[in-house]
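Chemist: If it helps, the file is called upload.txt and holds compact mmCIF, C-alpha atoms:
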# COMPACT_ATOMS: atom_id res chain seq x y z
CA MET A 3 6.88 -30.84 11.73
CA HIS A 4 7.11 -31.08 7.95
CA GLU A 5 3.71 -32.70 7.45
CA LEU A 6 1.98 -30.08 9.59
CA SER A 7 3.30 -27.21 7.48
CA LEU A 8 2.36 -29.04 4.30
CA LEU A 9 -1.18 -29.53 5.56
CA GLU A 10 -1.42 -25.92 6.77
CA GLY A 11 -0.56 -24.83 3.23
CA MET A 12 -3.17 -27.24 1.90
CA VAL A 13 -5.89 -25.85 4.18
CA GLN A 14 -5.05 -22.32 3.04
CA GLY A 15 -5.48 -23.46 -0.59
CA LEU A 16 -8.78 -25.14 0.27
CA GLU A 17 -10.07 -21.95 1.90
CA GLU A 18 -9.39 -20.16 -1.37
CA GLU A 19 -11.02 -22.96 -3.36
CA ALA A 20 -14.08 -22.63 -1.11
CA ARG A 21 -14.42 -18.96 -1.96
CA ARG A 22 -14.03 -19.68 -5.71
CA GLN A 23 -16.37 -22.66 -5.81
CA GLY A 24 -18.80 -21.59 -3.10
CA PHE A 25 -18.65 -24.43 -0.56
CA VAL A 26 -18.55 -23.95 3.19
CA ARG A 27 -17.73 -27.37 4.57
CA ILE A 28 -15.32 -30.18 3.66
CA HIS A 29 -16.30 -33.71 4.67
CA GLN A 30 -13.48 -35.67 3.08
CA VAL A 31 -10.05 -34.97 1.57
CA ARG A 32 -8.41 -37.57 -0.65
CA LEU A 33 -4.63 -37.17 -0.86
CA GLU A 34 -2.26 -39.01 -3.18
CA VAL A 35 0.97 -39.69 -1.29
CA GLY A 36 3.96 -41.09 -3.16
CA ARG A 37 6.39 -43.27 -1.23
CA LEU A 38 9.21 -40.90 -2.21
CA SER A 39 7.28 -37.68 -1.57
CA GLY A 40 9.11 -36.97 1.67
CA ALA A 41 5.84 -37.04 3.61
CA GLU A 42 4.98 -39.91 5.93
CA PRO A 43 1.39 -41.21 5.83
CA GLU A 44 1.34 -41.69 9.62
CA ALA A 45 2.56 -38.13 10.25
CA LEU A 46 -0.01 -36.77 7.77
CA ARG A 47 -2.82 -38.56 9.64
CA PHE A 48 -1.49 -37.26 12.94
CA ALA A 49 -1.16 -33.64 11.74
CA PHE A 50 -4.45 -33.49 9.85
CA GLY A 51 -6.54 -32.80 12.99
CA PRO A 52 -4.43 -29.89 14.29
CA ALA A 53 -4.01 -28.44 10.77
CA THR A 54 -7.74 -28.37 10.10
CA GLU A 55 -8.93 -27.34 13.56
CA GLY A 56 -11.14 -24.25 13.40
CA THR A 57 -11.28 -24.36 9.60
CA LEU A 58 -13.91 -25.47 7.11
CA ALA A 59 -12.21 -28.89 7.03
CA GLU A 60 -12.44 -29.48 10.79
CA GLY A 61 -13.65 -33.00 11.45
CA ALA A 62 -13.18 -34.06 7.81
CA GLU A 63 -12.05 -37.59 6.95
CA LEU A 64 -8.56 -37.90 5.47
CA VAL A 65 -8.16 -40.66 2.88
CA LEU A 66 -4.59 -41.41 1.77
CA LEU A 67 -4.03 -43.03 -1.62
CA GLU A 68 -0.49 -44.35 -1.35
CA ALA A 69 1.61 -44.75 -4.49
CA PRO A 70 4.83 -46.81 -4.75
CA GLY A 71 8.20 -45.32 -5.60
CA THR A 72 9.35 -46.27 -9.09
CA GLY A 73 12.53 -45.73 -11.05
CA LEU A 74 14.77 -46.70 -13.93
CA CYS A 75 18.08 -48.47 -13.25
CA ARG A 76 21.09 -46.81 -14.88
CA ALA A 77 22.99 -50.12 -15.02
CA CYS A 78 20.47 -52.72 -16.21
CA GLY A 79 17.73 -50.41 -17.52
CA ALA A 80 14.98 -52.19 -15.59
CA GLU A 81 11.87 -50.34 -14.47
CA VAL A 82 11.73 -51.09 -10.76
CA GLU A 83 9.86 -50.34 -7.57
CA ILE A 84 11.95 -48.78 -4.77
CA GLY A 85 11.21 -47.97 -1.15
CA ALA A 86 13.73 -45.14 -0.75
CA ARG A 87 15.74 -42.84 -2.97
CA PHE A 88 19.09 -44.45 -2.32
CA ASP A 89 18.00 -48.07 -2.67
CA PRO A 90 20.13 -49.95 -5.19
CA CYS A 91 18.34 -51.54 -8.13
CA PRO A 92 16.38 -54.56 -6.85
CA ALA A 93 16.72 -56.22 -10.26
CA CYS A 94 20.52 -56.20 -10.69
CA GLY A 95 21.50 -55.16 -7.16
CA GLU A 96 24.05 -52.73 -8.56
CA GLY A 97 22.87 -49.68 -10.39
CA PHE A 98 21.73 -46.24 -9.29
CA VAL A 99 18.00 -45.87 -9.80
CA ASP A 100 16.70 -42.60 -11.29
CA VAL A 101 13.32 -41.87 -9.72
CA THR A 102 10.45 -41.77 -12.22
CA GLY A 103 7.41 -41.91 -9.93
CA GLY A 104 6.17 -41.82 -6.37
CA THR A 105 7.17 -38.25 -5.51
CA GLU A 106 3.64 -36.88 -5.76
CA LEU A 107 1.83 -35.26 -2.88
CA ARG A 108 -1.43 -34.15 -4.40
CA ILE A 109 -5.00 -33.43 -3.42
CA LYS A 110 -7.02 -35.78 -5.59
CA ASP A 111 -10.44 -34.49 -4.67
CA ILE A 112 -12.58 -33.25 -1.82
CA ASP A 113 -16.12 -34.02 -0.69
CA VAL A 114 -17.82 -30.70 0.07
CA GLU A 115 -21.10 -28.97 0.68
CA MET B 15 -0.41 -20.61 13.39
CA CYS B 16 -3.19 -18.31 12.19
CA THR B 17 -6.16 -19.82 13.99
CA THR B 18 -8.67 -18.70 11.37
CA CYS B 19 -7.15 -20.13 8.22
CA GLY B 20 -4.30 -22.21 9.60
CA CYS B 21 -1.89 -20.50 7.21
CA GLY B 22 0.95 -20.89 9.66
CA GLN B 23 2.11 -17.31 9.14
CA ALA B 24 0.45 -15.44 12.01
CA ASP B 25 3.74 -15.18 13.89
CA LEU B 26 5.89 -14.40 10.85
CA ARG B 27 8.09 -11.33 11.34
CA LEU B 28 10.22 -9.39 8.83
CA ASP B 29 13.08 -7.55 10.57
CA GLY B 30 11.05 -7.74 13.78
CA LYS B 31 7.89 -6.22 12.30
CA ALA B 32 4.67 -8.21 12.32
CA HIS B 33 3.67 -9.70 9.01
CA ALA B 34 0.79 -7.61 7.66
CA HIS B 35 -0.87 -9.57 4.92
CA SER B 36 -4.55 -9.95 4.27
CA HIS B 37 -5.57 -13.58 4.29
CA GLY B 38 -9.18 -12.85 3.35
CA HIS B 39 -10.95 -15.17 5.72
CA GLY B 40 -14.47 -14.56 4.34
CA LEU B 41 -16.24 -17.60 2.97
CA GLY B 42 -18.21 -17.73 -0.27
CA SER B 43 -21.95 -18.19 -0.35
CA ASP B 44 -23.27 -21.70 -0.08
CA ARG B 45 -24.28 -22.82 -3.55
CA GLY B 46 -26.03 -25.86 -2.19
CA GLY B 47 -25.66 -29.61 -1.73
CA ARG B 48 -22.96 -32.07 -1.04
CA ARG B 49 -20.63 -32.79 -3.97
CA ARG B 50 -17.16 -34.01 -4.88
CA VAL B 51 -14.72 -31.44 -6.24
CA SER B 52 -11.81 -32.78 -8.28
CA LEU B 53 -8.61 -30.82 -7.63
CA GLU B 54 -5.61 -32.91 -8.78
CA GLU B 55 -3.44 -30.24 -7.27
CA SER B 56 -0.06 -30.58 -5.61
CA LEU B 57 0.01 -29.67 -1.92
CA LEU B 58 2.84 -27.39 -2.88
CA ALA B 59 1.03 -25.78 -5.85
CA LYS B 60 0.54 -22.45 -4.10
CA ASN B 61 4.17 -22.26 -2.99
CA ASP B 62 5.37 -23.37 -6.43
CA ALA B 63 3.37 -20.60 -8.13
CA LEU B 64 4.82 -17.97 -5.79
CA ALA B 65 8.31 -19.42 -6.32
CA ALA B 66 7.84 -19.12 -10.08
CA GLY B 67 6.99 -15.44 -9.51
CA ASN B 68 10.17 -14.93 -7.48
CA ARG B 69 12.19 -16.73 -10.16
CA ARG B 70 10.81 -14.34 -12.82
CA ARG B 71 11.80 -11.36 -10.68
CA PHE B 72 15.36 -12.74 -10.37
CA ALA B 73 15.59 -13.44 -14.12
CA GLU B 74 14.37 -9.96 -15.09
CA ARG B 75 17.12 -8.37 -13.00
CA GLY B 76 19.91 -10.88 -13.65
CA ILE B 77 20.08 -11.83 -9.96
CA LEU B 78 21.62 -15.12 -8.87
CA ALA B 79 19.59 -16.42 -5.91
CA LEU B 80 21.01 -19.30 -3.85
CA ASN B 81 19.09 -21.17 -1.15
CA LEU B 82 21.51 -22.25 1.59
CA VAL B 83 20.25 -25.23 3.55
CA SER B 84 21.77 -27.26 6.38
CA SER B 85 21.33 -28.52 9.92
CA PRO B 86 21.58 -25.94 12.69
CA GLY B 87 25.21 -25.18 13.53
CA SER B 88 26.84 -26.17 10.23
CA GLY B 89 28.51 -22.76 9.98
CA LYS B 90 26.27 -21.17 7.33
CA THR B 91 26.46 -17.63 8.71
CA THR B 92 30.23 -17.71 9.24
CA LEU B 93 30.70 -19.05 5.72
CA LEU B 94 28.43 -16.28 4.40
CA GLU B 95 30.44 -13.60 6.19
CA GLN B 96 33.65 -14.87 4.61
CA THR B 97 31.98 -15.22 1.20
CA ILE B 98 30.72 -11.62 1.31
CA LEU B 99 34.15 -10.31 2.32
CA ARG B 100 35.74 -12.11 -0.64
CA LEU B 101 33.15 -10.82 -3.11
CA GLN B 102 33.37 -7.26 -1.80
CA GLY B 103 34.09 -4.68 -4.51
CA ARG B 104 33.44 -7.32 -7.20
CA ILE B 105 29.84 -8.49 -6.90
CA PRO B 106 27.09 -6.92 -4.76
CA VAL B 107 25.62 -9.42 -2.31
CA SER B 108 22.46 -9.19 -0.23
CA VAL B 109 21.16 -11.72 2.25
CA ILE B 110 17.82 -13.00 3.49
CA GLU B 111 18.24 -14.65 6.89
CA GLY B 112 15.69 -17.20 8.01
CA ASP B 113 15.47 -18.15 11.68
CA GLN B 114 12.63 -19.01 14.00
CA GLN B 115 13.67 -16.26 16.43
CA THR B 116 16.27 -13.46 16.87
CA SER B 117 17.90 -11.12 14.37
CA GLN B 118 21.48 -11.97 15.32
CA ASP B 119 22.36 -13.51 11.97
CA ALA B 120 21.14 -10.48 9.99
CA ASP B 121 23.12 -8.21 12.36
CA ARG B 122 26.26 -10.26 11.70
CA ILE B 123 25.75 -10.00 7.93
CA ARG B 124 25.11 -6.25 8.09
CA ALA B 125 28.40 -5.85 9.97
CA THR B 126 30.14 -6.98 6.74
CA GLY B 127 28.45 -4.10 4.90
CA ALA B 128 25.99 -6.24 2.94
CA PRO B 129 22.26 -5.45 3.12
CA ALA B 130 20.40 -8.15 5.05
CA LEU B 131 16.82 -8.81 6.02
CA GLN B 132 15.82 -11.11 8.85
CA ILE B 133 12.74 -13.28 8.51
CA ASN B 134 11.54 -14.79 11.77
CA THR B 135 9.30 -17.72 10.97
CA GLY B 136 8.03 -18.09 14.54
CA LYS B 137 7.02 -21.75 14.79
CA GLY B 138 7.66 -22.29 11.06
CA CYS B 139 10.46 -24.74 10.28
CA HIS B 140 11.38 -23.44 6.81
CA LEU B 141 11.20 -20.39 4.55
CA ASP B 142 8.54 -20.46 1.84
CA ALA B 143 8.17 -18.56 -1.43
CA HIS B 144 5.57 -16.21 0.06
CA MET B 145 7.94 -15.01 2.81
CA VAL B 146 10.79 -14.58 0.33
CA GLY B 147 8.52 -12.56 -2.02
CA HIS B 148 7.74 -10.14 0.84
CA ALA B 149 11.43 -9.99 1.78
CA LEU B 150 12.28 -9.07 -1.83
CA ASP B 151 9.87 -6.12 -1.64
CA HIS B 152 11.76 -4.80 1.38
CA LEU B 153 15.32 -5.74 0.44
CA ASP B 154 15.11 -4.90 -3.28
CA PRO B 155 18.42 -6.55 -4.35
CA THR B 156 20.34 -4.64 -7.03
CA GLU B 157 20.49 -5.75 -10.64
CA GLY B 158 23.19 -8.33 -11.35
CA SER B 159 23.72 -9.06 -7.67
CA VAL B 160 23.90 -12.29 -5.72
CA LEU B 161 21.11 -12.98 -3.23
CA MET B 162 21.96 -15.50 -0.54
CA ILE B 163 18.93 -16.95 1.22
CA GLU B 164 20.00 -18.61 4.46
CA ASN B 165 17.19 -21.00 5.24
CA VAL B 166 16.11 -22.13 8.70
CA GLY B 167 18.54 -24.79 9.98
CA ASN B 168 16.66 -27.95 9.04
CA LEU B 169 17.45 -30.70 6.53
CA VAL B 170 13.85 -31.86 6.13
CA CYS B 171 11.22 -29.24 5.24
CA PRO B 172 13.28 -26.78 3.16
CA ALA B 173 13.82 -29.55 0.57
CA ALA B 174 10.16 -29.38 -0.44
CA PHE B 175 9.75 -25.60 -0.55
CA ASP B 176 11.02 -23.96 -3.74
CA LEU B 177 11.84 -20.30 -3.09
CA GLY B 178 12.57 -19.41 -6.73
CA GLU B 179 16.32 -19.92 -6.29
CA ALA B 180 18.75 -20.91 -9.06
CA ALA B 181 20.13 -23.68 -6.84
CA LYS B 182 20.00 -25.12 -3.38
CA VAL B 183 23.42 -25.31 -1.74
CA VAL B 184 23.46 -27.96 0.97
CA ILE B 185 26.02 -27.40 3.70
CA LEU B 186 27.32 -30.25 5.83
CA SER B 187 30.00 -29.74 8.46
CA VAL B 188 32.57 -32.36 9.43
CA THR B 189 31.39 -32.17 13.05
CA GLU B 190 28.16 -33.89 11.95
CA GLY B 191 27.74 -37.52 10.89
CA GLU B 192 29.03 -38.91 7.59
CA ASP B 193 25.67 -40.53 7.05
CA LYS B 194 23.56 -37.35 6.92
CA PRO B 195 23.09 -37.63 3.13
CA LEU B 196 21.48 -41.05 3.70
CA LYS B 197 19.37 -39.81 6.59
CA TYR B 198 18.08 -36.76 4.68
CA PRO B 199 18.12 -37.98 1.06
CA ASP B 200 15.49 -35.54 -0.21
CA MET B 201 17.65 -32.54 0.61
CA PHE B 202 20.76 -34.00 -0.99
CA ALA B 203 18.72 -35.05 -4.03
CA ALA B 204 17.45 -31.46 -4.40
CA ALA B 205 20.85 -29.77 -4.02
CA GLY B 206 22.87 -28.30 -6.88
CA LEU B 207 26.05 -28.12 -4.80
CA MET B 208 27.29 -29.53 -1.51
CA LEU B 209 29.75 -27.68 0.69
CA LEU B 210 31.63 -29.74 3.26
CA THR B 211 32.50 -27.13 5.89
CA LYS B 212 34.87 -26.82 8.87
CA VAL B 213 37.44 -29.05 7.14
CA ASP B 214 40.15 -27.36 9.25
CA LEU B 215 38.84 -29.48 12.15
CA LEU B 216 39.41 -32.82 10.37
CA PRO B 217 42.73 -33.61 12.15
CA HIS B 218 40.81 -33.58 15.46
CA LEU B 219 37.89 -35.73 14.33
CA ARG B 220 37.17 -39.26 13.20
CA PHE B 221 35.05 -38.00 10.30
CA ASP B 222 35.53 -40.17 7.19
CA VAL B 223 35.44 -37.72 4.26
CA ALA B 224 35.55 -40.39 1.56
CA GLN B 225 32.63 -42.23 3.11
CA CYS B 226 30.60 -39.03 3.48
CA LEU B 227 31.16 -38.13 -0.18
CA ALA B 228 30.25 -41.68 -1.22
CA HIS B 229 26.99 -41.41 0.76
CA ALA B 230 26.18 -38.09 -0.91
CA ARG B 231 26.90 -39.54 -4.37
CA ARG B 232 24.74 -42.54 -3.62
CA ILE B 233 21.85 -40.05 -3.52
CA ARG B 234 23.16 -37.88 -6.36
CA PRO B 235 25.94 -39.50 -8.45
CA ASP B 236 26.68 -36.20 -10.22
CA LEU B 237 26.59 -33.96 -7.12
CA GLN B 238 29.38 -31.38 -7.12
CA ILE B 239 31.08 -31.19 -3.72
CA LEU B 240 33.54 -28.58 -2.43
CA ARG B 241 35.52 -28.83 0.82
CA VAL B 242 35.81 -25.49 2.57
CA SER B 243 36.92 -23.85 5.79
CA ALA B 244 35.74 -20.36 6.70
CA GLN B 245 38.50 -20.27 9.34
CA THR B 246 41.55 -21.01 7.16
CA GLY B 247 40.03 -19.97 3.84
CA GLU B 248 40.66 -23.42 2.34
CA GLY B 249 38.42 -24.08 -0.66
CA LEU B 250 36.78 -20.65 -0.56
CA GLU B 251 38.25 -19.66 -3.95
CA ALA B 252 36.59 -22.70 -5.55
CA TRP B 253 33.28 -21.74 -3.91
CA ILE B 254 33.66 -18.12 -5.11
CA GLY B 255 34.46 -19.47 -8.59
CA TRP B 256 31.29 -21.57 -8.53
CA ILE B 257 29.23 -18.50 -7.56
CA GLU B 258 30.82 -16.40 -10.32
CA ALA B 259 30.13 -19.07 -12.95
CA ARG B 260 26.49 -19.39 -11.85
CA ARG B 261 26.10 -15.61 -11.79
CA ALA B 262 27.36 -15.37 -15.38
CA VAL B 263 24.60 -17.84 -16.37
CA ALA B 264 21.98 -15.84 -14.42
CA GLN B 265 22.98 -12.64 -16.21
CA LYS B 266 22.83 -14.21 -19.68
CA ALA B 267 19.40 -15.70 -19.12
Would you write the structure of this file as structure tokens?

Modeler:
Amino acid sequence: MHELSLLEGMVQGLEEEARRQGFVRIHQVRLEVGRLSGAEPEALRFAFGPATEGTLAEGAELVLLEAPGTGLCRACGAEVEIGARFDPCPACGEGFVDVTGGTELRIKDIDVE
Amino acid sequence: MCTTCGCGQADLRLDGKAHAHSHGHGLGSDRGGRRRVSLEESLLAKNDALAAGNRRRFAERGILALNLVSSPGSGKTTLLEQTILRLQGRIPVSVIEGDQQTSQDADRIRATGAPALQINTGKGCHLDAHMVGHALDHLDPTEGSVLMIENVGNLVCPAAFDLGEAAKVVILSVTEGEDKPLKYPDMFAAAGLMLLTKVDLLPHLRFDVAQCLAHARRIRPDLQILRVSAQTGEGLEAWIGWIEARRAVAQKA
């Protein structure tokens, strides 16, 4: 599952961060998840337990900060919010929308000790 | 998955040999109390940094690296065999084969005379930049060559994992659905070229080519699309021409 491999990569990065910054336990992870990031919030929540099991983030709380997908319509030039990459422009109903935001999948911060 | 760090690479194998890579599981000393650490880091930051390293290696040696992505069974390996045969004596080609299990694909490629390295990802559903970096150490592609990276058959995960390639080539066969570009938009949005394969079968199918291309262009209006058949050779010259043009750019860079 896509979300599981993403979170496994994240945990590996956090293990390295722990060595650099000298913390041994993670209590909370706050993730920014864009609507167009390709990762599903539900699947991230589901995979977080297995991905962190036996690591310094085991039992941590996962907080998802969801961001909308945004784009610029090629036809009418409007800045719009879109739910999926191939959605037509909700303003004019016609144009192709170039994505400008909502693709992020980023660790905002972590609560550690 | 590696049960200590969860790195997901414990069952990674290169040409059948276990992946020997130190993960450094030791933890730093506890410097005290509970605190919030701001990271603002992409989940893919580590992969992206390794991919940038691979990309530098390709640029230094004028190598064109292509990341071939598709569903299982789209005909990637057969197309690769035919591509290698047509480039033979003109451009050296080497291949990294990604599959969860078996080395059959690498064996097929080697039978054409091209060097190939098999990566078995175990449970992993995609290649990542770390695996490809290790494969480069073993395969050592020659200067000015073309490196084909055949990703694990999967239209989801490989879209997110940059390997350091010059372009992703998404392969869709006419025995699949016309609507795959809409179902897997991230992959089609990330692709630099789409190959519609097995077009020799079209007379026997109800596959609507025009609709498929329209779906793909709904995701990427400027997506270049070539129709090919590894069986009849249709469209392969255009594909070879595309590779040669991209290779010329890679060598000038």

Chemist: Given only C-alpha atoms as the basis, pick out the residue of B:Ile133, B:Ile185, B:Ile105, B:Ala203 nearest to chain A.

Modeler: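 Comparing B:Ile133, B:Ile185, B:Ile105, B:Ala203 against chain A, the winner is B:Ala203.
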
Chemist: Output the contact residues of chain A with respect to chain B at a cut-off of 6 Å, based on all atoms listed in the file, as an MDAnalysis selection string.

Modeler: chainID A and resid 4 10 12 14 21 24:25 88 107:115

Chemist: Generate the output file for the selected residues, C-alpha atoms, as a PDB file, in the frame of the given file.

Modeler:
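Result file is again-v7.pdb:
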ATOM      1  CA  HIS A   4       7.110 -31.080   7.950  1.00  0.00           C
ATOM      2  CA  GLU A  10      -1.420 -25.920   6.770  1.00  0.00           C
ATOM      3  CA  MET A  12      -3.170 -27.240   1.900  1.00  0.00           C
ATOM      4  CA  GLN A  14      -5.050 -22.320   3.040  1.00  0.00           C
ATOM      5  CA  ARG A  21     -14.420 -18.960  -1.960  1.00  0.00           C
ATOM      6  CA  GLY A  24     -18.800 -21.590  -3.100  1.00  0.00           C
ATOM      7  CA  PHE A  25     -18.650 -24.430  -0.560  1.00  0.00           C
ATOM      8  CA  PHE A  88      19.090 -44.450  -2.320  1.00  0.00           C
ATOM      9  CA  LEU A 107       1.830 -35.260  -2.880  1.00  0.00           C
ATOM     10  CA  ARG A 108      -1.430 -34.150  -4.400  1.00  0.00           C
ATOM     11  CA  ILE A 109      -5.000 -33.430  -3.420  1.00  0.00           C
ATOM     12  CA  LYS A 110      -7.020 -35.780  -5.590  1.00  0.00           C
ATOM     13  CA  ASP A 111     -10.440 -34.490  -4.670  1.00  0.00           C
ATOM     14  CA  ILE A 112     -12.580 -33.250  -1.820  1.00  0.00           C
ATOM     15  CA  ASP A 113     -16.120 -34.020  -0.690  1.00  0.00           C
ATOM     16  CA  VAL A 114     -17.820 -30.700   0.070  1.00  0.00           C
ATOM     17  CA  GLU A 115     -21.100 -28.970   0.680  1.00  0.00           C
TER      18      GLU A 115
END

Chemist: Report, in Å to a single decimal, how far apart atom CA of A:Leu66 and atom CA of B:Val166 are.

Modeler: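 Separation of atom CA of B:Val166 and atom CA of A:Leu66: 29.1 Å.
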
Chemist: Of the residues B:Arg100, B:Lys90, B:Arg27, B:Arg71, which is the one nearest to B:Ala252, using all atoms listed in the file?

Modeler: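 Among B:Arg100, B:Lys90, B:Arg27, B:Arg71, it is B:Arg100 that comes nearest to B:Ala252.
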
Chemist: Nearest to A:Leu6: which of A:Leu46, A:Val26, A:Ala86, A:Leu33 is it, counting all atoms listed in the file?

Modeler: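 Nearest to A:Leu6: A:Leu46.
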
Chemist: With distances taken over only C-alpha atoms, which residue among A:Val82, A:Leu9, A:Leu16, A:Cys75 lies nearest A:Gly97?

Modeler: A:Cys75

Chemist: Which of these, A:Leu64, A:Ile28, A:Cys91, A:Leu8, has the shortest distance to B:Asp142 once you count only C-alpha atoms?

Modeler: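 Ranked by minimum distance to B:Asp142, first place goes to A:Leu8.
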
Chemist: Do you have the atom CA of A:Arg37-atom CA of A:Thr72 distance handy?

Modeler: 8.9 Å

Chemist: At a cut-off of 9 Å around the point (21.4, -14.9, 10.7) (file coordinates), what residues fall inside when counting all atoms listed in the file? I'd like the answer as a ChimeraX atom specification.

Modeler: /B:90-91,110-113,116-123,130-132,164
